[in-house]
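In what follows, a single structure is set out as structure tokens and then discussed.
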Amino acid sequence: MRDQPVLSLRVAAAEAIAPTLRRVSLRAADGARLPPAAAGAHITLSLPASGHARPLKNAYTLVSADLEHGYTLIVRRTDPTRGGSQHIHEALAVGDVLEASVPHNLFALHSQAKKVLMIGGGIGITPLLAFIAALRARGTRFELHQICNSADLRVFAALIGAQPGEAVHLHAGRSTFDAAVVLGAQPLGTHVYSCGPAALMDAIAAQAAALGWPASHVHREDFGAAGGEPFTLTIGTSGARITVAADQTMLEALEAAGIDAGSLCRGGACGVCALPVRAGELEHRDHYLSADERQSGAVVMPCVSRARGDSLVLDI
Amino acid sequence: MTIAFKPDETFRGDFRYANSPAAILRFPFPFDQDSYMYGINMEPHTRSTMGGAFAAAFDVDEHYVAECAERAAVLAADPGRCQVLPHMVEAEWDTLELIMESLSADYPEHFTLEREGDDWIWTNRPLSLHQRFRFGDPSSLPQSPFEYIARQAQGDFTLQDQRDGTLYMDGGIATTQADWSLSFDLGMTFHEWHGPVPLAHQKGVFDRALSYLMRVRYGHPARRLNWTMTVHPRLDTSPENYPVWGAGPHHFDGGQHRRDAAFAGRIADILPAAALERAAVLHPRLSCQHR
Ligand code: FES
């Protein structure tokens, strides 16, 4: 796969596997082989949403990625105010074409893990299904604890398809799952992966820290924080105002407005894009500025950093 | 983009090597300053639309055939120049797929990739290779997938596994290196293998470079240029062979040797390998030598 950040995907199959779960298979719209994706990878789909002028961008984990037969997702219908999943449940039909990002993986399996402990909550099962397939293929020892509603138990058990001798545990609700006991019983060299509600992942991380697990062995699902809240940028010298959209960097907004700020790495590392700041609070996301420079709030790397409020005044 | 290859060039012995005027013109001379220091000069690999060394994912130039022959000679004498740890097998196939797709798309007159499911046919016309194989089945190729394809590309490659908040050099091929050893560095972390570089650690260059590299995304390749100077156009300036090249004339002070002074530039293409995704392929590319 060459540098091609956007994929065009056609819905090859879509079926309800439970009242609130829909499984969707996507293939390349032009029939080409899809880019490979390792277990834990996600794609971002652009989905039309009623009441929104721009399509919504939602990240979905790949349950499987068969390069010939496509990417598979399982989507839970969520709160109707978050339009993307609603569209997948109510409107998406076989043959529809969607725009998607290439796969990105911020939740990859550690290549040296002696054992993998997986803890899932609800729809957080999706990357774990991909992990199970990869670990079976690799022959790595694993243990799974999946917490779900009693209504989902049968569906989840079928998705996992536990084989004889595998340590697979389904829990109907949190009450039968004791993180301290499960984490405390693991052999050295185990890596734990949690995916589900933030409260569950926080609890696992806290319990692991309390038991003295090294931070490098504790992983949680992460889709990355690419964009952020939109804000308004004011050019100090001219008073011109520029809107930075939620899915746009400050640098991209400046460039779109015809202001060439200069850049090189576009990833917060080189320092080339630095701009002086006159007023406004900053959310520094670069790896270039020193702690003191961050503190002073006088300079910002617009290729990655944002305003921590609704406005920012640049001294340019 | 038909390239007139120069298969008779040599990078040792009689050093039969020169750049055509066209090769010099397409070289990405970045001399915008009068002095240079270690720095963070990584940038997105934006394709140049006007040709030159930045037009392709993996640059192929007039020295391609001769450089591939030189690589084969180095590997024949020292197979340890290509090593990959067993857990990087997916990254090996990723590298093969990425290079075959890129070369066949960028240079269709020289390379062709035909695929029917996992049954692939690879044609490399400059090297007269025609290979049927099954993707994912190492027994269907004459070498491991990584070595097979790296023998058909210019420049060195490393396979890096991202884990524990750093990158590990868990595989590579190095036959055109500027005095570093794959055997020595294999399995090291990013900071360990850069340990010998002077000055740059104190400036925080490697901390920032590592952060940047770990964020390079699949489908968004990055690149950087770096430069080395050698007296002869010798590609194999390895520690393993130091007695061969290190003892020779390597100063710019002798009249006779001055005209042999070679200047080498490297473009490192940094590409995250796909199936592992958190594995990166680093591709330091030796691009130009002239005298
Ligand atoms: S462009 Fe390198 S820090 Fe912004």
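Each chain in the structure tokens gets a letter, A, B, ..., in the order shown, and its residues are numbered from 1; ligands are numbered from 1 in order too.
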task = Could the residues that lie within 7 Å of ligand 1, counting only C-alpha atoms and all ligand atoms, be listed as JSON, numbers by chain?
result = {"A": [263, 264, 265, 266, 267, 268, 269, 270, 271, 272, 273, 274, 286, 288, 301, 302, 303, 304]}
Please save N, CA, C and O atoms of the selected residues as an mmCIF file, in the first residue's frame.
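Once written, selection_34.cif looks like this:
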data_model
loop_
_atom_site.group_PDB
_atom_site.id
_atom_site.type_symbol
_atom_site.label_atom_id
_atom_site.label_comp_id
_atom_site.auth_asym_id
_atom_site.auth_seq_id
_atom_site.Cartn_x
_atom_site.Cartn_y
_atom_site.Cartn_z
ATOM 1 N N SER A 263 6.883 24.896 7.687
ATOM 2 C CA SER A 263 6.802 23.661 8.469
ATOM 3 C C SER A 263 7.770 22.666 7.868
ATOM 4 O O SER A 263 8.183 22.795 6.719
ATOM 5 N N LEU A 264 8.120 21.662 8.646
ATOM 6 C CA LEU A 264 8.947 20.579 8.115
ATOM 7 C C LEU A 264 8.326 19.245 8.511
ATOM 8 O O LEU A 264 7.681 18.596 7.701
ATOM 9 N N CYS A 265 8.452 18.864 9.762
ATOM 10 C CA CYS A 265 8.019 17.512 10.149
ATOM 11 C C CYS A 265 6.509 17.374 10.247
ATOM 12 O O CYS A 265 5.975 16.288 10.084
ATOM 13 N N ARG A 266 5.820 18.421 10.543
ATOM 14 C CA ARG A 266 4.355 18.431 10.743
ATOM 15 C C ARG A 266 3.944 17.419 11.807
ATOM 16 O O ARG A 266 2.834 16.896 11.780
ATOM 17 N N GLY A 267 4.833 17.178 12.742
ATOM 18 C CA GLY A 267 4.523 16.222 13.800
ATOM 19 C C GLY A 267 5.038 16.666 15.159
ATOM 20 O O GLY A 267 5.210 15.856 16.048
ATOM 21 N N GLY A 268 5.320 17.959 15.317
ATOM 22 C CA GLY A 268 5.691 18.460 16.639
ATOM 23 C C GLY A 268 7.094 18.137 17.089
ATOM 24 O O GLY A 268 7.394 18.209 18.276
ATOM 25 N N ALA A 269 7.986 17.789 16.145
ATOM 26 C CA ALA A 269 9.332 17.365 16.559
ATOM 27 C C ALA A 269 10.425 18.350 16.191
ATOM 28 O O ALA A 269 11.427 18.460 16.896
ATOM 29 N N CYS A 270 10.296 19.078 15.072
ATOM 30 C CA CYS A 270 11.444 19.802 14.535
ATOM 31 C C CYS A 270 11.528 21.253 15.008
ATOM 32 O O CYS A 270 12.598 21.850 14.975
ATOM 33 N N GLY A 271 10.418 21.847 15.390
ATOM 34 C CA GLY A 271 10.437 23.227 15.846
ATOM 35 C C GLY A 271 10.319 24.268 14.754
ATOM 36 O O GLY A 271 10.276 25.464 15.036
ATOM 37 N N VAL A 272 10.274 23.851 13.511
ATOM 38 C CA VAL A 272 10.273 24.809 12.396
ATOM 39 C C VAL A 272 9.016 25.679 12.370
ATOM 40 O O VAL A 272 9.059 26.856 12.023
ATOM 41 N N CYS A 273 7.877 25.141 12.746
ATOM 42 C CA CYS A 273 6.615 25.877 12.589
ATOM 43 C C CYS A 273 6.324 26.832 13.745
ATOM 44 O O CYS A 273 5.284 27.490 13.748
ATOM 45 N N ALA A 274 7.220 26.932 14.743
ATOM 46 C CA ALA A 274 6.956 27.726 15.951
ATOM 47 C C ALA A 274 6.369 29.107 15.653
ATOM 48 O O ALA A 274 6.873 29.821 14.790
ATOM 49 N N ASP A 286 3.332 19.074 21.358
ATOM 50 C CA ASP A 286 4.582 18.823 20.626
ATOM 51 C C ASP A 286 5.584 18.115 21.533
ATOM 52 O O ASP A 286 5.358 17.959 22.727
ATOM 53 N N TYR A 288 8.826 19.265 21.255
ATOM 54 C CA TYR A 288 9.958 20.137 20.965
ATOM 55 C C TYR A 288 10.239 21.124 22.099
ATOM 56 O O TYR A 288 11.360 21.286 22.531
ATOM 57 N N MET A 301 3.538 25.277 18.717
ATOM 58 C CA MET A 301 3.809 24.512 17.499
ATOM 59 C C MET A 301 2.463 24.212 16.833
ATOM 60 O O MET A 301 1.767 23.261 17.226
ATOM 61 N N PRO A 302 2.082 24.996 15.843
ATOM 62 C CA PRO A 302 0.725 24.859 15.291
ATOM 63 C C PRO A 302 0.479 23.559 14.530
ATOM 64 O O PRO A 302 -0.667 23.230 14.242
ATOM 65 N N CYS A 303 1.526 22.786 14.214
ATOM 66 C CA CYS A 303 1.284 21.542 13.474
ATOM 67 C C CYS A 303 0.594 20.494 14.325
ATOM 68 O O CYS A 303 -0.023 19.578 13.793
ATOM 69 N N VAL A 304 0.701 20.594 15.664
ATOM 70 C CA VAL A 304 0.044 19.601 16.520
ATOM 71 C C VAL A 304 -0.746 20.224 17.673
ATOM 72 O O VAL A 304 -1.739 19.649 18.122
#
Could you make a table, as JSON lines, of the residues of chain A that have an atom within 9 Å of an atom of chain B, each with its nearest atom pair and distance in Å to one decimal, counting only C-alpha atoms, in chain and number order?
{"residue": "A:Met1", "atom": "CA", "partner": "B:Leu98", "partner_atom": "CA", "distance": 5.8}
{"residue": "A:Arg2", "atom": "CA", "partner": "B:Gly219", "partner_atom": "CA", "distance": 6.2}
{"residue": "A:Asp3", "atom": "CA", "partner": "B:Gly219", "partner_atom": "CA", "distance": 4.3}
{"residue": "A:Gln4", "atom": "CA", "partner": "B:Gly219", "partner_atom": "CA", "distance": 5.4}
{"residue": "A:Pro5", "atom": "CA", "partner": "B:Gly219", "partner_atom": "CA", "distance": 5.3}
{"residue": "A:Val6", "atom": "CA", "partner": "B:Gly219", "partner_atom": "CA", "distance": 8.7}
{"residue": "A:Arg33", "atom": "CA", "partner": "B:Gly117", "partner_atom": "CA", "distance": 8.6}
{"residue": "A:Pro35", "atom": "CA", "partner": "B:Ala274", "partner_atom": "CA", "distance": 7.2}
{"residue": "A:Pro36", "atom": "CA", "partner": "B:Ala275", "partner_atom": "CA", "distance": 5.1}
{"residue": "A:Ala37", "atom": "CA", "partner": "B:Ala275", "partner_atom": "CA", "distance": 4.8}
{"residue": "A:Ala38", "atom": "CA", "partner": "B:Ala275", "partner_atom": "CA", "distance": 4.5}
{"residue": "A:Ala39", "atom": "CA", "partner": "B:Leu276", "partner_atom": "CA", "distance": 8.1}
{"residue": "A:Ala41", "atom": "CA", "partner": "B:Glu277", "partner_atom": "CA", "distance": 8.2}
{"residue": "A:Leu67", "atom": "CA", "partner": "B:Gly117", "partner_atom": "CA", "distance": 8.9}
{"residue": "A:Glu68", "atom": "CA", "partner": "B:Gly117", "partner_atom": "CA", "distance": 6.7}
{"residue": "A:Val102", "atom": "CA", "partner": "B:Gly219", "partner_atom": "CA", "distance": 6.7}
{"residue": "A:Pro103", "atom": "CA", "partner": "B:Tyr218", "partner_atom": "CA", "distance": 7.3}
{"residue": "A:His104", "atom": "CA", "partner": "B:Tyr218", "partner_atom": "CA", "distance": 6.6}
{"residue": "A:Asn105", "atom": "CA", "partner": "B:Glu277", "partner_atom": "CA", "distance": 6.2}
{"residue": "A:Leu106", "atom": "CA", "partner": "B:Arg278", "partner_atom": "CA", "distance": 7.9}
{"residue": "A:Ala108", "atom": "CA", "partner": "B:Arg278", "partner_atom": "CA", "distance": 6.9}
{"residue": "A:Leu109", "atom": "CA", "partner": "B:Leu276", "partner_atom": "CA", "distance": 8.8}
{"residue": "A:His110", "atom": "CA", "partner": "B:Arg163", "partner_atom": "CA", "distance": 6.2}
{"residue": "A:Ser111", "atom": "CA", "partner": "B:His87", "partner_atom": "CA", "distance": 6.7}
{"residue": "A:Gln112", "atom": "CA", "partner": "B:His87", "partner_atom": "CA", "distance": 8.2}
{"residue": "A:Ala215", "atom": "CA", "partner": "B:Asp164", "partner_atom": "CA", "distance": 8.9}
{"residue": "A:Ser216", "atom": "CA", "partner": "B:Asp164", "partner_atom": "CA", "distance": 5.3}
{"residue": "A:His217", "atom": "CA", "partner": "B:Asp164", "partner_atom": "CA", "distance": 8.0}
{"residue": "A:Ser263", "atom": "CA", "partner": "B:Glu43", "partner_atom": "CA", "distance": 8.6}
{"residue": "A:Leu264", "atom": "CA", "partner": "B:Glu43", "partner_atom": "CA", "distance": 5.1}
{"residue": "A:Cys265", "atom": "CA", "partner": "B:Glu43", "partner_atom": "CA", "distance": 3.9}
{"residue": "A:Arg266", "atom": "CA", "partner": "B:Glu43", "partner_atom": "CA", "distance": 6.9}
{"residue": "A:Gly267", "atom": "CA", "partner": "B:Tyr212", "partner_atom": "CA", "distance": 6.3}
{"residue": "A:Gly268", "atom": "CA", "partner": "B:Tyr212", "partner_atom": "CA", "distance": 7.4}
{"residue": "A:Ala269", "atom": "CA", "partner": "B:Arg208", "partner_atom": "CA", "distance": 5.4}
{"residue": "A:Cys270", "atom": "CA", "partner": "B:Ile40", "partner_atom": "CA", "distance": 5.2}
{"residue": "A:Gly271", "atom": "CA", "partner": "B:Ile40", "partner_atom": "CA", "distance": 8.5}
{"residue": "A:His287", "atom": "CA", "partner": "B:Arg208", "partner_atom": "CA", "distance": 5.9}
{"residue": "A:Tyr288", "atom": "CA", "partner": "B:Arg208", "partner_atom": "CA", "distance": 6.6}
Export of prior selection with N, CA, C and O atoms as a compact mmCIF listing (two decimals), in the first residue's frame:
# COMPACT_ATOMS: atom_id res chain seq x y z
N MET A 1 0.85 -1.19 0.00
CA MET A 1 0.00 0.00 0.00
C MET A 1 0.88 1.23 0.00
O MET A 1 1.77 1.36 0.81
N ARG A 2 0.65 2.09 -0.93
CA ARG A 2 1.48 3.28 -1.05
C ARG A 2 0.83 4.42 -0.28
O ARG A 2 -0.21 4.24 0.33
N ASP A 3 1.47 5.60 -0.27
CA ASP A 3 0.91 6.67 0.53
C ASP A 3 -0.45 7.09 -0.02
O ASP A 3 -0.54 7.76 -1.04
N GLN A 4 -1.46 6.66 0.65
CA GLN A 4 -2.82 6.82 0.18
C GLN A 4 -3.67 6.88 1.44
O GLN A 4 -4.16 5.87 1.91
N PRO A 5 -3.79 8.06 2.03
CA PRO A 5 -4.41 8.14 3.34
C PRO A 5 -5.90 7.83 3.36
O PRO A 5 -6.45 7.51 4.39
N VAL A 6 -6.59 7.89 2.22
CA VAL A 6 -8.04 7.68 2.22
C VAL A 6 -8.41 6.47 1.37
O VAL A 6 -7.93 6.32 0.25
N ARG A 33 -6.85 -5.15 -3.53
CA ARG A 33 -6.47 -5.73 -2.24
C ARG A 33 -6.38 -4.60 -1.22
O ARG A 33 -5.80 -3.54 -1.50
N PRO A 35 -5.19 -2.58 2.29
CA PRO A 35 -3.96 -2.53 3.08
C PRO A 35 -4.06 -3.47 4.27
O PRO A 35 -5.13 -3.60 4.86
N PRO A 36 -2.96 -4.14 4.62
CA PRO A 36 -3.01 -5.03 5.78
C PRO A 36 -3.22 -4.25 7.08
O PRO A 36 -2.93 -3.06 7.15
N ALA A 37 -3.73 -4.93 8.08
CA ALA A 37 -3.94 -4.30 9.38
C ALA A 37 -3.73 -5.35 10.44
O ALA A 37 -4.29 -6.43 10.37
N ALA A 38 -2.90 -5.03 11.44
CA ALA A 38 -2.64 -5.99 12.51
C ALA A 38 -3.76 -5.93 13.54
O ALA A 38 -4.51 -4.95 13.60
N ALA A 39 -3.85 -6.96 14.36
CA ALA A 39 -4.85 -6.99 15.43
C ALA A 39 -4.71 -5.75 16.29
O ALA A 39 -3.60 -5.36 16.67
N ALA A 41 -5.88 -2.76 15.25
CA ALA A 41 -5.97 -1.57 14.39
C ALA A 41 -7.41 -1.09 14.26
O ALA A 41 -8.35 -1.86 14.43
N LEU A 67 -7.35 -9.58 3.69
CA LEU A 67 -7.03 -8.62 2.63
C LEU A 67 -7.83 -8.85 1.36
O LEU A 67 -8.11 -7.93 0.62
N GLU A 68 -8.22 -10.12 1.14
CA GLU A 68 -9.04 -10.40 -0.04
C GLU A 68 -10.51 -10.12 0.26
O GLU A 68 -11.23 -9.56 -0.56
N VAL A 102 -6.88 4.88 6.23
CA VAL A 102 -6.17 3.60 6.24
C VAL A 102 -6.08 3.14 7.70
O VAL A 102 -6.19 3.94 8.61
N PRO A 103 -5.88 1.83 7.92
CA PRO A 103 -5.83 1.35 9.30
C PRO A 103 -4.70 2.02 10.10
O PRO A 103 -3.64 2.33 9.55
N HIS A 104 -4.97 2.21 11.35
CA HIS A 104 -3.99 2.80 12.26
C HIS A 104 -4.05 1.99 13.54
O HIS A 104 -5.14 1.59 13.95
N ASN A 105 -2.92 1.73 14.13
CA ASN A 105 -2.91 0.85 15.30
C ASN A 105 -2.23 1.50 16.49
O ASN A 105 -1.03 1.71 16.48
N LEU A 106 -3.01 1.84 17.50
CA LEU A 106 -2.45 2.36 18.75
C LEU A 106 -2.66 1.36 19.88
O LEU A 106 -2.54 1.70 21.05
N ALA A 108 -1.50 -2.19 19.72
CA ALA A 108 -0.89 -3.37 19.11
C ALA A 108 -0.43 -4.35 20.18
O ALA A 108 -0.03 -3.96 21.28
N LEU A 109 -0.44 -5.62 19.86
CA LEU A 109 0.08 -6.65 20.76
C LEU A 109 1.60 -6.51 20.88
O LEU A 109 2.29 -6.27 19.89
N HIS A 110 2.10 -6.69 22.09
CA HIS A 110 3.54 -6.62 22.35
C HIS A 110 4.18 -7.91 21.82
O HIS A 110 3.72 -9.01 22.14
N SER A 111 5.23 -7.77 21.04
CA SER A 111 5.78 -8.96 20.37
C SER A 111 6.45 -9.92 21.35
O SER A 111 6.65 -11.08 21.01
N GLN A 112 6.82 -9.43 22.54
CA GLN A 112 7.57 -10.29 23.47
C GLN A 112 6.74 -10.77 24.66
O GLN A 112 7.29 -11.32 25.61
N ALA A 215 4.47 -0.23 34.05
CA ALA A 215 3.53 0.49 33.18
C ALA A 215 3.62 -0.03 31.74
O ALA A 215 2.63 -0.03 31.00
N SER A 216 4.82 -0.50 31.35
CA SER A 216 4.99 -0.97 29.97
C SER A 216 4.20 -2.24 29.68
O SER A 216 4.09 -2.65 28.54
N HIS A 217 3.67 -2.89 30.72
CA HIS A 217 2.91 -4.13 30.52
C HIS A 217 1.40 -3.90 30.59
O HIS A 217 0.64 -4.85 30.61
N SER A 263 6.88 24.90 7.69
CA SER A 263 6.80 23.66 8.47
C SER A 263 7.77 22.67 7.87
O SER A 263 8.18 22.79 6.72
N LEU A 264 8.12 21.66 8.65
CA LEU A 264 8.95 20.58 8.12
C LEU A 264 8.33 19.25 8.51
O LEU A 264 7.68 18.60 7.70
N CYS A 265 8.45 18.86 9.76
CA CYS A 265 8.02 17.51 10.15
C CYS A 265 6.51 17.37 10.25
O CYS A 265 5.98 16.29 10.08
N ARG A 266 5.82 18.42 10.54
CA ARG A 266 4.35 18.43 10.74
C ARG A 266 3.94 17.42 11.81
O ARG A 266 2.83 16.90 11.78
N GLY A 267 4.83 17.18 12.74
CA GLY A 267 4.52 16.22 13.80
C GLY A 267 5.04 16.67 15.16
O GLY A 267 5.21 15.86 16.05
N GLY A 268 5.32 17.96 15.32
CA GLY A 268 5.69 18.46 16.64
C GLY A 268 7.09 18.14 17.09
O GLY A 268 7.39 18.21 18.28
N ALA A 269 7.99 17.79 16.15
CA ALA A 269 9.33 17.37 16.56
C ALA A 269 10.42 18.35 16.19
O ALA A 269 11.43 18.46 16.90
N CYS A 270 10.30 19.08 15.07
CA CYS A 270 11.44 19.80 14.54
C CYS A 270 11.53 21.25 15.01
O CYS A 270 12.60 21.85 14.98
N GLY A 271 10.42 21.85 15.39
CA GLY A 271 10.44 23.23 15.85
C GLY A 271 10.32 24.27 14.75
O GLY A 271 10.28 25.46 15.04
N HIS A 287 6.70 17.68 20.95
CA HIS A 287 7.81 17.12 21.74
C HIS A 287 9.03 18.00 21.58
O HIS A 287 10.15 17.55 21.68
N TYR A 288 8.83 19.27 21.26
CA TYR A 288 9.96 20.14 20.96
C TYR A 288 10.24 21.12 22.10
O TYR A 288 11.36 21.29 22.53
ask   = What are the DSSP alpha helix (DSSP H) residues of stretch 84-278 of chain A, as JSON, numbers by chain?
value = {"A": [84, 85, 86, 87, 88, 89, 90, 125, 126, 127, 128, 129, 130, 131, 132, 133, 134, 135, 136, 137, 138, 153, 154, 155, 156, 157, 158, 159, 160, 179, 180, 181, 182, 183, 184, 198, 199, 200, 201, 202, 203, 204, 205, 206, 207, 208, 209, 210, 250, 251, 252, 253, 254, 255, 256]}
message = Please extract the residues of stretch 1-177 of chain B with a backbone DSSP assignment of strand (DSSP E) and present them as number ranges by chain.
response = B: 43-44, 82-84, 111-116, 119-124, 129-134, 157-163, 166-173
Contact residues around A:Arg308 with only C-alpha atoms at 6 Å, ignoring same-chain residues under 6 positions, as a list in words =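 Here the qualifying residues turn out to be Glu281, Leu282 and Glu283 of chain A.
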Selection above as a file: N, CA and C atoms, as a PDB file, in the first residue's frame:
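So the final result, stored in out06.pdb, reads:
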ATOM      1  N   GLU A 281      -4.967  30.469  26.107  1.00  0.00           N
ATOM      2  CA  GLU A 281      -4.385  29.320  26.799  1.00  0.00           C
ATOM      3  C   GLU A 281      -4.069  28.226  25.794  1.00  0.00           C
ATOM      4  N   LEU A 282      -2.972  27.481  26.036  1.00  0.00           N
ATOM      5  CA  LEU A 282      -2.493  26.522  25.037  1.00  0.00           C
ATOM      6  C   LEU A 282      -2.576  25.088  25.540  1.00  0.00           C
ATOM      7  N   GLU A 283      -2.837  24.184  24.603  1.00  0.00           N
ATOM      8  CA  GLU A 283      -2.689  22.757  24.892  1.00  0.00           C
ATOM      9  C   GLU A 283      -1.513  22.278  24.046  1.00  0.00           C
TER      10      GLU A 283
END
